[in-house]
Every structure is written in C-alpha cells, then in structure tokens.
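> Enclosed is the structure file upload-v2.cif (mmCIF, C-alpha atoms).
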```cif
data_target
loop_
_atom_site.group_PDB
_atom_site.id
_atom_site.type_symbol
_atom_site.label_atom_id
_atom_site.label_comp_id
_atom_site.auth_asym_id
_atom_site.auth_seq_id
_atom_site.Cartn_x
_atom_site.Cartn_y
_atom_site.Cartn_z
ATOM 1 C CA MET A 825 2.255 17.678 8.447
ATOM 2 C CA SER A 826 -0.437 15.092 9.037
ATOM 3 C CA ASP A 827 -0.715 11.934 6.962
ATOM 4 C CA PRO A 828 -2.862 12.258 3.856
ATOM 5 C CA ALA A 829 -6.464 11.068 4.012
ATOM 6 C CA PHE A 830 -6.518 9.594 0.536
ATOM 7 C CA VAL A 831 -3.784 8.421 -1.793
ATOM 8 C CA TYR A 832 -4.667 7.337 -5.306
ATOM 9 C CA VAL A 833 -2.232 5.909 -7.817
ATOM 10 C CA VAL A 834 -2.768 5.323 -11.505
ATOM 11 C CA TYR A 835 -0.244 4.156 -14.104
ATOM 12 C CA ILE A 836 -0.777 5.750 -17.498
ATOM 13 C CA ARG A 837 0.935 4.934 -20.811
ATOM 14 C CA ALA A 838 1.811 8.578 -21.570
ATOM 15 C CA THR A 839 4.555 11.083 -20.795
ATOM 16 C CA PRO A 840 4.340 13.293 -17.692
ATOM 17 C CA ALA A 841 4.054 16.347 -19.993
ATOM 18 C CA ARG A 842 1.053 14.842 -21.772
ATOM 19 C CA ILE A 843 -0.650 14.021 -18.451
ATOM 20 C CA TRP A 844 0.190 17.455 -17.034
ATOM 21 C CA ASP A 845 -1.477 19.058 -20.058
ATOM 22 C CA ALA A 846 -4.551 16.880 -19.651
ATOM 23 C CA LEU A 847 -4.852 17.785 -15.963
ATOM 24 C CA THR A 848 -4.436 21.531 -16.444
ATOM 25 C CA ASP A 849 -6.163 22.239 -19.773
ATOM 26 C CA PRO A 850 -9.914 22.941 -19.356
ATOM 27 C CA ASP A 851 -10.691 21.583 -22.830
ATOM 28 C CA GLN A 852 -9.167 18.250 -21.836
ATOM 29 C CA THR A 853 -10.499 18.065 -18.271
ATOM 30 C CA GLU A 854 -13.961 18.681 -19.712
ATOM 31 C CA LYS A 855 -13.599 15.364 -21.537
ATOM 32 C CA PHE A 856 -12.429 13.114 -18.715
ATOM 33 C CA TRP A 857 -13.728 15.012 -15.643
ATOM 34 C CA PHE A 858 -17.351 14.437 -16.652
ATOM 35 C CA GLY A 859 -17.839 17.906 -18.098
ATOM 36 C CA GLY A 860 -15.762 19.827 -15.540
ATOM 37 C CA ARG A 861 -13.496 22.566 -16.875
ATOM 38 C CA PHE A 862 -10.488 23.024 -14.569
ATOM 39 C CA LYS A 863 -9.814 26.728 -15.037
ATOM 40 C CA THR A 864 -6.603 28.352 -13.832
ATOM 41 C CA ASP A 865 -4.266 31.073 -14.945
ATOM 42 C CA GLY A 866 -1.780 28.725 -16.607
ATOM 43 C CA ALA A 867 -1.589 26.542 -13.479
ATOM 44 C CA ARG A 868 0.890 29.054 -12.061
ATOM 45 C CA LYS A 869 1.597 29.318 -8.353
ATOM 46 C CA GLY A 870 -0.861 31.700 -6.698
ATOM 47 C CA SER A 871 -3.398 31.400 -9.517
ATOM 48 C CA ASP A 872 -7.061 31.028 -8.559
ATOM 49 C CA LEU A 873 -8.836 27.977 -9.893
ATOM 50 C CA GLU A 874 -12.300 26.572 -10.297
ATOM 51 C CA LEU A 875 -13.982 23.511 -11.732
ATOM 52 C CA TRP A 876 -16.925 24.648 -13.807
ATOM 53 C CA SER A 877 -19.342 22.615 -15.875
ATOM 54 C CA GLU A 878 -22.384 23.460 -17.904
ATOM 55 C CA GLN A 879 -24.566 20.979 -15.985
ATOM 56 C CA ARG A 880 -23.384 21.720 -12.459
ATOM 57 C CA GLY A 881 -21.919 25.226 -12.514
ATOM 58 C CA VAL A 882 -18.953 25.720 -10.166
ATOM 59 C CA ASP A 883 -18.182 22.530 -8.219
ATOM 60 C CA PHE A 884 -15.205 23.858 -6.313
ATOM 61 C CA THR A 885 -12.797 26.766 -6.163
ATOM 62 C CA GLY A 886 -9.239 27.027 -4.905
ATOM 63 C CA GLN A 887 -5.752 28.282 -5.482
ATOM 64 C CA ILE A 888 -2.533 26.813 -6.862
ATOM 65 C CA LEU A 889 -0.059 26.474 -3.988
ATOM 66 C CA GLU A 890 2.821 24.858 -5.825
ATOM 67 C CA SER A 891 3.495 24.323 -9.515
ATOM 68 C CA ASP A 892 6.464 22.415 -10.890
ATOM 69 C CA PRO A 893 5.500 21.241 -14.390
ATOM 70 C CA PRO A 894 5.355 18.412 -15.318
ATOM 71 C CA LYS A 895 6.156 16.919 -11.930
ATOM 72 C CA LYS A 896 4.079 18.389 -9.160
ATOM 73 C CA LEU A 897 0.957 20.494 -8.736
ATOM 74 C CA VAL A 898 -0.528 21.319 -5.340
ATOM 75 C CA TRP A 899 -3.803 23.177 -4.995
ATOM 76 C CA THR A 900 -6.525 23.951 -2.495
ATOM 77 C CA PHE A 901 -10.034 22.624 -2.951
ATOM 78 C CA GLN A 902 -13.110 24.296 -1.511
ATOM 79 C CA HIS A 903 -16.419 22.739 -2.432
ATOM 80 C CA THR A 904 -19.212 25.163 -3.259
ATOM 81 C CA ARG A 905 -22.217 22.956 -2.504
ATOM 82 C CA GLU A 906 -21.592 21.298 0.833
ATOM 83 C CA PRO A 907 -24.166 23.104 2.964
ATOM 84 C CA ASP A 908 -23.343 21.434 6.258
ATOM 85 C CA SER A 909 -19.643 21.212 5.667
ATOM 86 C CA LEU A 910 -17.327 22.842 8.165
ATOM 87 C CA ASP A 911 -14.351 21.986 6.051
ATOM 88 C CA GLY A 912 -12.157 24.843 5.115
ATOM 89 C CA ALA A 913 -10.166 24.305 1.991
ATOM 90 C CA THR A 914 -8.689 20.851 1.633
ATOM 91 C CA THR A 915 -5.491 20.205 -0.310
ATOM 92 C CA VAL A 916 -4.951 18.151 -3.438
ATOM 93 C CA SER A 917 -1.595 17.243 -4.898
ATOM 94 C CA TYR A 918 -0.651 15.626 -8.186
ATOM 95 C CA GLU A 919 2.749 14.001 -8.482
ATOM 96 C CA LEU A 920 4.038 12.564 -11.750
ATOM 97 C CA GLU A 921 6.918 10.146 -12.039
ATOM 98 C CA VAL A 922 8.206 8.165 -15.005
ATOM 99 C CA MET A 923 8.081 4.387 -14.438
ATOM 100 C CA GLY A 924 9.435 2.615 -17.526
ATOM 101 C CA ASP A 925 6.973 3.161 -20.362
ATOM 102 C CA ASP A 926 4.346 4.502 -17.987
ATOM 103 C CA THR A 927 3.957 7.524 -15.796
ATOM 104 C CA ARG A 928 2.798 7.042 -12.252
ATOM 105 C CA LEU A 929 0.330 9.711 -11.224
ATOM 106 C CA THR A 930 -0.206 9.954 -7.480
ATOM 107 C CA VAL A 931 -3.103 12.048 -6.231
ATOM 108 C CA THR A 932 -3.363 12.828 -2.539
ATOM 109 C CA HIS A 933 -6.255 14.672 -0.960
ATOM 110 C CA ASP A 934 -5.947 15.875 2.579
ATOM 111 C CA GLY A 935 -7.129 18.269 5.248
ATOM 112 C CA PHE A 936 -10.640 16.923 5.904
ATOM 113 C CA LEU A 937 -12.417 17.054 9.188
ATOM 114 C CA ASP A 938 -13.186 13.593 10.522
ATOM 115 C CA ASN A 939 -16.367 12.116 9.105
ATOM 116 C CA SER A 940 -17.090 15.122 6.909
ATOM 117 C CA SER A 941 -19.611 14.618 4.119
ATOM 118 C CA LEU A 942 -17.088 16.086 1.701
ATOM 119 C CA ARG A 943 -14.624 13.380 2.649
ATOM 120 C CA ARG A 944 -17.143 10.662 1.807
ATOM 121 C CA GLY A 945 -18.046 12.303 -1.505
ATOM 122 C CA VAL A 946 -14.453 12.794 -2.530
ATOM 123 C CA SER A 947 -13.568 9.184 -1.835
ATOM 124 C CA GLY A 948 -16.095 8.120 -4.450
ATOM 125 C CA GLY A 949 -15.088 10.685 -7.037
ATOM 126 C CA TRP A 950 -11.345 10.398 -7.606
ATOM 127 C CA PRO A 951 -11.153 6.725 -8.636
ATOM 128 C CA ARG A 952 -13.601 7.295 -11.493
ATOM 129 C CA ILE A 953 -11.975 10.560 -12.575
ATOM 130 C CA LEU A 954 -8.541 8.909 -12.695
ATOM 131 C CA SER A 955 -9.900 5.863 -14.485
ATOM 132 C CA SER A 956 -11.480 8.190 -17.025
ATOM 133 C CA LEU A 957 -8.225 10.174 -17.467
ATOM 134 C CA LYS A 958 -6.301 6.947 -18.101
ATOM 135 C CA SER A 959 -8.901 5.774 -20.577
ATOM 136 C CA MET A 960 -8.836 9.088 -22.454
ATOM 137 C CA LEU A 961 -5.037 9.198 -22.734
ATOM 138 C CA GLU A 962 -4.577 5.541 -23.644
ATOM 139 C CA THR A 963 -7.564 4.889 -25.876
ATOM 140 C CA GLY A 964 -8.794 8.362 -26.781
ATOM 141 C CA ALA A 965 -12.138 7.627 -25.150
ATOM 142 C CA PRO A 966 -12.891 9.079 -21.717
ATOM 143 C CA LEU A 967 -15.645 7.579 -19.601
ATOM 144 C CA THR A 968 -19.078 9.049 -19.680
ATOM 145 C CA ARG A 969 -21.044 10.016 -16.631
ATOM 146 C CA ALA A 970 -23.997 7.914 -15.593
ATOM 147 C CA ALA A 971 -27.360 9.240 -16.696
ATOM 148 C CA MET B 1072 -4.738 -2.622 -18.958
ATOM 149 C CA ASP B 1073 -3.506 -5.915 -17.552
ATOM 150 C CA MET B 1074 -6.158 -6.825 -15.008
ATOM 151 C CA ASP B 1075 -4.798 -10.283 -14.153
ATOM 152 C CA PRO B 1076 -2.758 -9.128 -11.120
ATOM 153 C CA VAL B 1077 -5.821 -7.267 -9.815
ATOM 154 C CA PHE B 1078 -8.075 -10.312 -10.033
ATOM 155 C CA ARG B 1079 -5.352 -12.571 -8.602
ATOM 156 C CA ALA B 1080 -4.879 -10.205 -5.673
ATOM 157 C CA LEU B 1081 -8.622 -9.989 -5.043
ATOM 158 C CA ALA B 1082 -9.091 -13.772 -5.226
ATOM 159 C CA ASP B 1083 -7.713 -14.279 -1.720
ATOM 160 C CA PRO B 1084 -9.952 -13.707 1.335
ATOM 161 C CA SER B 1085 -7.039 -12.612 3.536
ATOM 162 C CA ARG B 1086 -6.076 -9.930 1.045
ATOM 163 C CA ARG B 1087 -9.666 -8.754 0.766
ATOM 164 C CA ALA B 1088 -9.748 -8.567 4.574
ATOM 165 C CA LEU B 1089 -6.677 -6.322 4.488
ATOM 166 C CA LEU B 1090 -8.376 -4.051 1.939
ATOM 167 C CA ASP B 1091 -11.451 -3.961 4.206
ATOM 168 C CA ARG B 1092 -9.280 -2.842 7.086
ATOM 169 C CA LEU B 1093 -7.798 -0.043 4.983
ATOM 170 C CA HIS B 1094 -11.282 0.930 3.834
ATOM 171 C CA THR B 1095 -12.242 1.333 7.498
ATOM 172 C CA GLU B 1096 -9.051 3.146 8.370
ATOM 173 C CA ASN B 1097 -6.761 4.353 5.636
ATOM 174 C CA GLY B 1098 -3.013 4.900 5.951
ATOM 175 C CA GLN B 1099 -1.987 2.115 8.342
ATOM 176 C CA THR B 1100 1.461 0.717 9.038
ATOM 177 C CA LEU B 1101 2.251 -3.002 8.788
ATOM 178 C CA GLY B 1102 2.153 -3.222 12.573
ATOM 179 C CA GLU B 1103 -1.275 -1.603 12.782
ATOM 180 C CA LEU B 1104 -2.606 -3.886 10.061
ATOM 181 C CA CYS B 1105 -1.376 -6.947 11.940
ATOM 182 C CA GLU B 1106 -3.184 -6.028 15.154
ATOM 183 C CA GLY B 1107 -5.953 -8.469 15.996
ATOM 184 C CA LEU B 1108 -5.197 -10.736 13.039
ATOM 185 C CA THR B 1109 -4.338 -14.405 13.357
ATOM 186 C CA MET B 1110 -2.030 -14.137 10.338
ATOM 187 C CA SER B 1111 1.691 -13.820 10.985
ATOM 188 C CA ARG B 1112 3.385 -10.511 10.326
ATOM 189 C CA GLN B 1113 5.317 -12.207 7.537
ATOM 190 C CA ALA B 1114 2.128 -13.426 5.863
ATOM 191 C CA VAL B 1115 0.540 -9.966 6.077
ATOM 192 C CA SER B 1116 3.700 -8.452 4.625
ATOM 193 C CA LYS B 1117 3.601 -10.888 1.668
ATOM 194 C CA HIS B 1118 -0.055 -10.140 1.008
ATOM 195 C CA LEU B 1119 0.683 -6.405 1.063
ATOM 196 C CA VAL B 1120 3.420 -6.841 -1.551
ATOM 197 C CA LEU B 1121 0.937 -8.561 -3.878
ATOM 198 C CA LEU B 1122 -1.666 -5.869 -3.247
ATOM 199 C CA GLU B 1123 0.931 -3.199 -3.975
ATOM 200 C CA GLU B 1124 1.983 -4.937 -7.201
ATOM 201 C CA ALA B 1125 -1.665 -5.027 -8.272
ATOM 202 C CA ASN B 1126 -1.847 -1.292 -7.445
ATOM 203 C CA LEU B 1127 -4.687 -1.936 -4.999
ATOM 204 C CA VAL B 1128 -2.563 -0.563 -2.184
ATOM 205 C CA ALA B 1129 -0.585 2.665 -2.472
ATOM 206 C CA VAL B 1130 2.279 3.399 -0.150
ATOM 207 C CA VAL B 1131 3.460 6.643 1.413
ATOM 208 C CA TRP B 1132 6.622 6.861 3.500
ATOM 209 C CA ARG B 1133 6.534 8.685 6.808
ATOM 210 C CA GLY B 1134 10.165 8.748 7.824
ATOM 211 C CA ARG B 1135 11.083 5.062 7.970
ATOM 212 C CA GLU B 1136 7.485 3.960 8.335
ATOM 213 C CA LYS B 1137 5.457 2.743 5.412
ATOM 214 C CA LEU B 1138 1.805 3.786 5.409
ATOM 215 C CA HIS B 1139 -0.625 1.707 3.347
ATOM 216 C CA TYR B 1140 -3.577 3.249 1.522
ATOM 217 C CA LEU B 1141 -6.447 1.561 -0.234
ATOM 218 C CA ASN B 1142 -6.194 2.470 -3.921
ATOM 219 C CA PRO B 1143 -9.545 1.715 -5.569
ATOM 220 C CA VAL B 1144 -8.560 3.045 -9.022
ATOM 221 C CA PRO B 1145 -8.082 -0.450 -10.577
ATOM 222 C CA ILE B 1146 -11.488 -1.461 -9.185
ATOM 223 C CA ALA B 1147 -13.024 1.621 -10.809
ATOM 224 C CA GLU B 1148 -11.364 0.553 -14.085
ATOM 225 C CA ILE B 1149 -12.941 -2.903 -13.785
ATOM 226 C CA ALA B 1150 -16.368 -1.413 -13.057
ATOM 227 C CA ASP B 1151 -16.076 1.071 -15.909
ATOM 228 C CA ARG B 1152 -15.114 -1.683 -18.306
ATOM 229 C CA TRP B 1153 -18.281 -3.696 -17.793
ATOM 230 C CA ILE B 1154 -20.863 -1.303 -16.409
ATOM 231 C CA GLY B 1155 -22.285 0.797 -19.218
ATOM 232 C CA LYS B 1156 -23.162 4.457 -19.107
ATOM 233 C CA PHE B 1157 -26.877 4.001 -18.635
ATOM 234 C CA GLU B 1158 -26.609 0.928 -16.422
ATOM 235 C CA ARG B 1159 -24.663 2.601 -13.653
ATOM 236 C CA ALA B 1160 -27.615 4.187 -11.881
ATOM 237 C CA ARG B 1161 -29.696 0.993 -12.103
ATOM 238 C CA VAL B 1162 -26.868 -1.225 -10.898
ATOM 239 C CA LYS B 1163 -26.284 1.135 -7.968
ATOM 240 C CA ALA B 1164 -29.994 1.094 -7.110
ATOM 241 C CA LEU B 1165 -29.964 -2.717 -6.968
ATOM 242 C CA VAL B 1166 -26.831 -2.791 -4.831
ATOM 243 C CA ASP B 1167 -28.354 -0.210 -2.469
ATOM 244 C CA LEU B 1168 -31.578 -2.239 -2.281
ATOM 245 C CA LYS B 1169 -29.691 -5.427 -1.479
ATOM 246 C CA ARG B 1170 -27.665 -3.660 1.193
ATOM 247 C CA GLU B 1171 -30.778 -2.129 2.720
ATOM 248 C CA LEU B 1172 -32.681 -5.449 2.808
ATOM 249 C CA GLU B 1173 -29.752 -7.397 4.188
ATOM 250 C CA SER B 1174 -28.590 -4.805 6.688
ATOM 251 C CA ASP B 1175 -30.351 -6.591 9.578
ATOM 252 C CA ASP B 1176 -28.448 -9.805 8.944
ATOM 253 C CA GLU B 1177 -25.092 -8.436 8.074
ATOM 254 C CA LYS B 1178 -22.946 -5.457 8.763
ATOM 255 C CA ALA B 1179 -22.872 -3.279 5.649
#
```
Could you write out this structure as structure tokens?


Amino acid sequence: MSDPAFVYVVYIRATPARIWDALTDPDQTEKFWFGGRFKTDGARKGSDLELWSEQRGVDFTGQILESDPPKKLVWTFQHTREPDSLDGATTVSYELEVMGDDTRLTVTHDGFLDNSSLRRGVSGGWPRILSSLKSMLETGAPLTRAA
Amino acid sequence: MDMDPVFRALADPSRRALLDRLHTENGQTLGELCEGLTMSRQAVSKHLVLLEEANLVAVVWRGREKLHYLNPVPIAEIADRWIGKFERARVKALVDLKRELESDDEKA
C-alpha cells in the first residue's frame, strides 16, 4: 500500500460513539459539512454512499469498504464534478481513538493521481470540515459556509 | 480549544520552514526533512516534537519509519475563530490580490 496523500488529525471532546454518529448521520453531517448529507445504508460494509446537498446536488459518490463502529470507517470517494479529472475513486478513512478526555479522529485521503485538481480541492476542504465538526460537537455551533 | 501551543509552535521561523517543506511534499521522514537544511538532525527532531504536540504535524508509521504530514486543522480553527461568515470571500480576494501583485518579487 502506498503512503497516504493527506493525513488530518483533530482532537474532539466527545466519545468515539458520538463522533461516529455525527460522521454517519445525514441530519448531523448536514450541519457541519456545510449542507452536505452523507447518505449511506447504515454505514454498513458494501453500502453505497453519496454526499448530497440542496445547494450543490451530489458532490461525490462511493461505497463503504470497511465499517467497524465506532473505531474505523473506510470508504471510496468519487467526485461528480471534476470534468478533467482522471482520478478513479480515491479512498477516505476515519479512525477514532480515545485519548484521555478527548477522541482523536484521524482522516486519511489517498489514491490521487499526482497533481490532480481533485487533490488540490480536497486539501482545502477537509481542514474546514473537521474544524466545523469539532465546533459542532463541543459548542453546539457548526461553522457556516462563506457566502 | 487551547491555541497557545499552536501559536508557540508557529512563532519560530525554523518550524514554519518545516511546515513549508511538508506543504510542498507531504509525508516525509526525519531524514528527508533534514536534507538541504543547515539545522542539525537533533534540532529538526526537537522542532518536529513541538509541531506534533501542537497538532500541526500528524504522524503515520511505515514499519519503523515515521512519516510526517502537515495537519492544517488547527490553522483552520484559528481562521474560523476570527474570520466571519461573510468576510471569508472578501478576505480571500484580498489575499489573492496581494499574491498576484507580489508574484513577480516573491515565490508564491
């Protein structure tokens, strides 16, 4: 296996189960993922998935490759609006680990072609999404998308 | 969120240089990060520990090798704390303008 392209870590004052729910429940992702509903069939292995929002429609589709609640979720990510992208599906993984009072959430995103436009877009997206997730779980207020 | 370790880590030019190197090429070992630097391996290693403690660097093990990744999540938290919802686009436009105008003098 090649080394991951991106590794993001965020420490959140919440249990892994609470974070798992937030990541896999469309009603909750809608709040912190800037309107995106992460739809799956119970985040079960083999389930299809998509991120859908009222403003943007379907951002990406994919499939759950591995599901071990509330510790690990691995899924494929195929963007729907990257016209010049030659990327096949890339792979995202969430890993949750208790660290004292916090849970460490590690997100890795891998499988990009070198210099792909998707890779550049993704590198800007995750930090804000994770910051928003942390804010929602710790303060009840997710971040809002720029106008 | 305790932002003190983040600001302390960012206050040092050598540590910012290490983050720049990871921004250019993510997932480097200590050895790779030391290449071409005048800093000793020990100094780089100490800086990396501080960056890791501030959660600005995330680490993945590949066998016995430690790979270092730039983790910009705390920086996003700082930006989101002080840049308001409707300011974001305007702030970005100004930063882009500055970068564009200065691009002849300086590498972006």

> Using all atoms listed in the file, which of A:Ala841, A:Phe858, A:His903, A:Lys863 sits nearest chain B?

A:Phe858

> For this structure, which residues satisfy the selection - the PyMOL selection byres ((chain B and resi 1116-1122) around 12) - when it is evaluated on the file as given? I want them as number ranges by chain.

B: 1075-1090, 1093, 1099-1105, 1110-1115, 1123-1130, 1137-1143, 1145

> Which residues, protein or nucleic acid, reach to within 10 Å of (-13.3, 21.5, -17.7) in the file's coordinates when using only C-alpha atoms, and can you give that as a list in words?

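Within the cut-off we find Leu847, Thr848, Asp849, Pro850, Asp851, Gln852, Thr853, Glu854, Lys855, Phe856, Trp857, Phe858, Gly859, Gly860, Arg861, Phe862, Lys863, Glu874, Leu875, Trp876, Ser877 and Glu878 of chain A.
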
> For chain B, which residues have at least one atom within 6 Å of chain A, if we go by all atoms listed in the file? Write them as a list in words, please.

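So the contacting residues turn out to be Asn1142, Val1144, Ala1147, Glu1148, Lys1156, Phe1157 and Arg1159 of chain B.
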
> Which residue, A:Ile843, A:Val882, A:Leu920, A:Leu897, has the smallest gap to Ala867 of chain A when you use all atoms listed in the file?

A:Leu897

> Could you jot down the atom CA of Met960 of chain A to atom CA of Arg1152 of chain B separation for me, Å, one decimal place?

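Calculated distance between atom CA of Met960 of chain A and atom CA of Arg1152 of chain B is 13.1 Å.
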
> What is the atom CA of Gln902 of chain A-atom CA of Asp883 of chain A distance in Å, reported with one decimal?

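Pair atom CA of Gln902 of chain A / atom CA of Asp883 of chain A returns 8.6 Å.
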
> Kindly indicate which residue among A:Thr904, A:Thr963, A:Ser917, A:Thr927 lies nearest to Glu890 of chain A, using all atoms listed in the file for the distances.

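Nearest to Glu890 of chain A: A:Ser917.
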
> I'd like the interatomic distance between atom CA of Ala838 of chain A and atom CA of Phe901 of chain A, to a tenth of an Å.

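Taking atom CA of Ala838 of chain A and atom CA of Phe901 of chain A, their separation equals 26.2 Å.
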
> As AutoDock Vina command-line options, what would the box around segment 1115-1134 of chain B look like: edges along x, y and z, 8 Å added on every side, centre and edge lengths in Å to one decimal?


```
--center_x 2.7 --center_y -1.1 --center_z -0.2 --size_x 30.9 --size_y 35.6 --size_z 32.1
```

> Taking (-5.9, 27.0, -7.8) as a centre in this file's frame and 6 Å as the limit, can you find every polymer residue with an atom that close, using all atoms listed in the file, and give them as a list in words?

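Final list of nearby residues, as requested, is Ser871, Asp872, Leu873, Gly886, Gln887, Ile888 and Trp899 of chain A.
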
> Could you write out that same residue set with C-alpha atoms as a PDB file, in the frame of the given file?


```
ATOM      1  CA  SER A 871      -3.398  31.400  -9.517  1.00  0.00           C
ATOM      2  CA  ASP A 872      -7.061  31.028  -8.559  1.00  0.00           C
ATOM      3  CA  LEU A 873      -8.836  27.977  -9.893  1.00  0.00           C
ATOM      4  CA  GLY A 886      -9.239  27.027  -4.905  1.00  0.00           C
ATOM      5  CA  GLN A 887      -5.752  28.282  -5.482  1.00  0.00           C
ATOM      6  CA  ILE A 888      -2.533  26.813  -6.862  1.00  0.00           C
ATOM      7  CA  TRP A 899      -3.803  23.177  -4.995  1.00  0.00           C
TER       8      TRP A 899
END
```
